[in-house]
Amino acid sequence: MKLYYKPGACSLSPHIVLREAGLPFDLVKVDLAKKVLEDGSDFLAVNPKGQVPTLALGDGGILTEGPVIVQYVADKAPGSGLIPAAGTIARYRVQEWLNFVSSELHKTFSPLFRPNTPDAYKEIVKQTLAAKFGVLDRQLDGKPFLTGEAFTVADVYAFVVLGWAPRVGIDLASWPNLAAFVERVAARPAVKEALAAEAQG
């Protein structure tokens with residue numbers, strides 16, 4: 001498998017999951033602004049959506065959309081415990097949190113990274129995020145991970161998106177369960193490896 005990524009972007013989520021799963025893969029860095037790869041070739045020829053993450057499969061196909069990619073990878077390594085078996089309520093709980101992070105957190109952050117977003121609107125966005133952080137903080141009360149004791153792909157995605165908070169001037173200390181969660185996930189060896197690899201890339 002080959003993961004197309006941009007350092008610090010949401011592609012960090014499947015990058016971590018690939019390492020947690022212990023599966024072999026190659027990393028290909030993408031210049032998203034120019035839509036080109038490091039060798040100068042056209043990224044749009046790989047993924048017409050022009051977005052990361054993009055996972056090239058062994059059969060020549062590609063898979064896009066982070067929440068889908070992490071489930072695919074986790075299913076390739078069922079012994080990893082990164083996702084419960086298909087059809088179980090536990091699986092749907094993980095999917096529930098993947099969707100929450102995708103729709104309520106990830107996309108809400110987007111205007112904060114755009115230079116043309118008015119400051120007044122950025123404040124509204126931060127208030128919206130604060131409410132969502134409160135939901136996660138309450139969910140993590142008394143448990144190490146979003147669905148309980150098991151570390152899953154939903155935790156990886158949440159960790160990656162929450163990692164953007166300091167970059168936009170949000171201090172997670174206001175949500176102690178959330179702050180502790182981020183520290184807990186950051187301490188995992190696979191997470192450290194992925195972060196180091198992207199820093200070098």
# chains A, B, ... in the order shown; residues from 1 in each chain; ligands from 1

$ residues_around --residues "Ala154 of chain A" --least-positions-apart "2" --cutoff "8 Å" --atoms "only C-alpha atoms" --output "list in words"
Val94, Gln95, Trp97, Leu98, Val101, Leu146, Thr152, Val156, Tyr157 and Ala158 of chain A

$ residues_around --residues "Ala197 of chain A" --least-positions-apart "3" --cutoff "12 Å" --atoms "only C-alpha atoms" --output "JSON, numbers by chain"
{"A": [5, 6, 7, 8, 12, 15, 16, 19, 26, 27, 28, 29, 190, 191, 192, 193, 194, 200, 201]}

$ residues_around --residues "Trp175 of chain A" --least-positions-apart "6" --cutoff "9 Å" --atoms "only C-alpha atoms" --output "list of chain:residue names"
A:Phe133, A:Gly134, A:Leu136, A:Asp137, A:Arg138

$ closest_residue --among "A:Tyr4, A:Tyr92, A:Phe113, A:Phe25" --to "Gly66 of chain A" --atoms "only C-alpha atoms"
A:Tyr4

$ residues_around --residues "Ile69 of chain A" --least-positions-apart "4" --cutoff "9 Å" --atoms "only C-alpha atoms" --output "ChimeraX atom specification"
/A:14,53-55,63-65,73-74

$ residues_around --residues "Ala77 of chain A" --least-positions-apart "2" --cutoff "10 Å" --atoms "only C-alpha atoms" --output "ChimeraX atom specification"
/A:18,20-23,72-75,79-83

$ select_by_dssp --residues "segment 126-188 of chain A" --states "alpha helix (DSSP H)" --output "MDAnalysis selection string"
chainID A and resid 126:139 153:162 176:186

$ select_by_dssp --residues "segment 12-74 of chain A" --states "strand (DSSP E or B)" --output "ChimeraX atom specification"
/A:26-31,36-37,42,54-56,62-64

$ write_last_selection --atoms "all heavy atoms" --output "mmCIF file, in the first residue's frame"
data_model
loop_
_atom_site.group_PDB
_atom_site.id
_atom_site.type_symbol
_atom_site.label_atom_id
_atom_site.label_comp_id
_atom_site.auth_asym_id
_atom_site.auth_seq_id
_atom_site.Cartn_x
_atom_site.Cartn_y
_atom_site.Cartn_z
ATOM 1 N N ASP A 26 4.273 2.488 1.882
ATOM 2 C CA ASP A 26 5.185 3.551 1.467
ATOM 3 C C ASP A 26 4.490 4.891 1.650
ATOM 4 O O ASP A 26 3.261 4.983 1.524
ATOM 5 C CB ASP A 26 5.580 3.391 -0.008
ATOM 6 C CG ASP A 26 6.408 2.139 -0.238
ATOM 7 O OD1 ASP A 26 7.301 1.857 0.583
ATOM 8 O OD2 ASP A 26 6.151 1.440 -1.237
ATOM 9 N N LEU A 27 5.262 5.930 1.918
ATOM 10 C CA LEU A 27 4.739 7.284 2.060
ATOM 11 C C LEU A 27 5.104 8.104 0.830
ATOM 12 O O LEU A 27 6.250 8.060 0.382
ATOM 13 C CB LEU A 27 5.356 7.969 3.286
ATOM 14 C CG LEU A 27 4.782 7.657 4.665
ATOM 15 C CD1 LEU A 27 5.625 8.343 5.733
ATOM 16 C CD2 LEU A 27 3.333 8.094 4.776
ATOM 17 N N VAL A 28 4.126 8.843 0.320
ATOM 18 C CA VAL A 28 4.375 9.747 -0.802
ATOM 19 C C VAL A 28 3.854 11.125 -0.414
ATOM 20 O O VAL A 28 2.657 11.304 -0.179
ATOM 21 C CB VAL A 28 3.677 9.262 -2.095
ATOM 22 C CG1 VAL A 28 3.989 10.218 -3.237
ATOM 23 C CG2 VAL A 28 4.078 7.851 -2.438
ATOM 24 N N LYS A 29 4.764 12.086 -0.364
ATOM 25 C CA LYS A 29 4.410 13.445 0.040
ATOM 26 C C LYS A 29 3.748 14.187 -1.117
ATOM 27 O O LYS A 29 4.173 14.077 -2.264
ATOM 28 C CB LYS A 29 5.664 14.180 0.490
ATOM 29 C CG LYS A 29 5.433 15.503 1.175
ATOM 30 C CD LYS A 29 6.775 16.018 1.681
ATOM 31 C CE LYS A 29 6.671 17.403 2.268
ATOM 32 N NZ LYS A 29 7.999 17.876 2.721
ATOM 33 N N VAL A 30 2.715 14.954 -0.796
ATOM 34 C CA VAL A 30 1.951 15.704 -1.796
ATOM 35 C C VAL A 30 2.039 17.201 -1.511
ATOM 36 O O VAL A 30 1.898 17.630 -0.355
ATOM 37 C CB VAL A 30 0.469 15.270 -1.792
ATOM 38 C CG1 VAL A 30 -0.329 16.062 -2.823
ATOM 39 C CG2 VAL A 30 0.329 13.767 -2.031
ATOM 40 N N ASP A 31 2.270 17.980 -2.552
ATOM 41 C CA ASP A 31 2.135 19.437 -2.463
ATOM 42 C C ASP A 31 0.692 19.749 -2.840
ATOM 43 O O ASP A 31 0.331 19.759 -4.018
ATOM 44 C CB ASP A 31 3.109 20.127 -3.426
ATOM 45 C CG ASP A 31 3.058 21.652 -3.330
ATOM 46 O OD1 ASP A 31 1.986 22.198 -2.984
ATOM 47 O OD2 ASP A 31 4.079 22.294 -3.612
ATOM 48 N N VAL A 36 0.889 18.450 -6.913
ATOM 49 C CA VAL A 36 1.953 17.650 -7.516
ATOM 50 C C VAL A 36 2.653 16.815 -6.448
ATOM 51 O O VAL A 36 2.639 17.144 -5.262
ATOM 52 C CB VAL A 36 3.010 18.518 -8.252
ATOM 53 C CG1 VAL A 36 2.391 19.242 -9.445
ATOM 54 C CG2 VAL A 36 3.674 19.499 -7.306
ATOM 55 N N LEU A 37 3.295 15.739 -6.916
ATOM 56 C CA LEU A 37 4.083 14.877 -6.048
ATOM 57 C C LEU A 37 5.529 15.352 -6.056
ATOM 58 O O LEU A 37 5.908 16.222 -6.838
ATOM 59 C CB LEU A 37 3.981 13.427 -6.516
ATOM 60 C CG LEU A 37 2.554 12.888 -6.681
ATOM 61 C CD1 LEU A 37 2.589 11.451 -7.173
ATOM 62 C CD2 LEU A 37 1.778 12.985 -5.368
ATOM 63 N N ASP A 42 1.636 14.662 -11.586
ATOM 64 C CA ASP A 42 0.326 15.237 -11.278
ATOM 65 C C ASP A 42 -0.420 14.392 -10.253
ATOM 66 O O ASP A 42 -0.761 13.241 -10.524
ATOM 67 C CB ASP A 42 -0.473 15.345 -12.586
ATOM 68 C CG ASP A 42 -1.832 15.994 -12.401
ATOM 69 O OD1 ASP A 42 -2.097 16.540 -11.311
ATOM 70 O OD2 ASP A 42 -2.640 15.951 -13.349
ATOM 71 N N THR A 54 -4.900 9.734 0.517
ATOM 72 C CA THR A 54 -5.231 8.839 -0.582
ATOM 73 C C THR A 54 -4.412 7.581 -0.366
ATOM 74 O O THR A 54 -3.199 7.671 -0.135
ATOM 75 C CB THR A 54 -4.876 9.475 -1.939
ATOM 76 O OG1 THR A 54 -5.634 10.677 -2.102
ATOM 77 C CG2 THR A 54 -5.198 8.527 -3.085
ATOM 78 N N LEU A 55 -5.064 6.442 -0.424
ATOM 79 C CA LEU A 55 -4.359 5.172 -0.229
ATOM 80 C C LEU A 55 -4.388 4.378 -1.524
ATOM 81 O O LEU A 55 -5.461 4.045 -2.038
ATOM 82 C CB LEU A 55 -5.012 4.360 0.896
ATOM 83 C CG LEU A 55 -4.270 3.095 1.326
ATOM 84 C CD1 LEU A 55 -2.958 3.440 2.034
ATOM 85 C CD2 LEU A 55 -5.151 2.231 2.237
ATOM 86 N N ALA A 56 -3.206 4.121 -2.068
ATOM 87 C CA ALA A 56 -3.096 3.260 -3.250
ATOM 88 C C ALA A 56 -3.043 1.814 -2.772
ATOM 89 O O ALA A 56 -2.252 1.471 -1.883
ATOM 90 C CB ALA A 56 -1.850 3.618 -4.042
ATOM 91 N N ILE A 62 -7.450 2.882 -5.815
ATOM 92 C CA ILE A 62 -7.198 3.832 -4.732
ATOM 93 C C ILE A 62 -8.427 3.912 -3.836
ATOM 94 O O ILE A 62 -9.544 3.618 -4.264
ATOM 95 C CB ILE A 62 -6.833 5.243 -5.236
ATOM 96 C CG1 ILE A 62 -8.020 5.895 -5.977
ATOM 97 C CG2 ILE A 62 -5.578 5.241 -6.077
ATOM 98 C CD1 ILE A 62 -7.967 7.407 -5.960
ATOM 99 N N LEU A 63 -8.151 4.292 -2.597
ATOM 100 C CA LEU A 63 -9.217 4.510 -1.624
ATOM 101 C C LEU A 63 -9.022 5.904 -1.069
ATOM 102 O O LEU A 63 -7.891 6.308 -0.771
ATOM 103 C CB LEU A 63 -9.125 3.470 -0.507
ATOM 104 C CG LEU A 63 -10.333 3.261 0.396
ATOM 105 C CD1 LEU A 63 -11.553 2.824 -0.414
ATOM 106 C CD2 LEU A 63 -10.018 2.203 1.459
ATOM 107 N N THR A 64 -10.122 6.666 -0.957
ATOM 108 C CA THR A 64 -10.043 8.026 -0.435
ATOM 109 C C THR A 64 -10.987 8.171 0.759
ATOM 110 O O THR A 64 -11.771 7.270 1.048
ATOM 111 C CB THR A 64 -10.410 9.061 -1.517
ATOM 112 O OG1 THR A 64 -11.780 8.896 -1.889
ATOM 113 C CG2 THR A 64 -9.537 8.912 -2.763
#

$ atom_distance --atom1 "atom CA of Phe109 of chain A" --atom2 "atom CA of Val17 of chain A"
21.8 Å

$ atom_distance --atom1 "atom CA of Lys143 of chain A" --atom2 "atom CA of Pro176 of chain A"
12.5 Å

$ atom_distance --atom1 "atom CA of Asn99 of chain A" --atom2 "atom CA of Pro67 of chain A"
7.5 Å

$ closest_residue --among "A:Ala186, A:Leu129, A:Leu162, A:Ala180" --to "Gly142 of chain A" --atoms "only C-alpha atoms"
A:Ala180

$ closest_residue --among "A:Phe151, A:Phe159, A:Tyr121, A:Phe181" --to "Gln139 of chain A" --atoms "only C-alpha atoms"
A:Phe181

$ closest_residue --among "A:Lys2, A:Thr147, A:His106, A:Asp119" --to "Gly163 of chain A" --atoms "only C-alpha atoms"
A:His106

$ closest_residue --among "A:Met1, A:Ala9, A:Ala130, A:Ala196" --to "Thr108 of chain A" --atoms "only C-alpha atoms"
A:Ala130
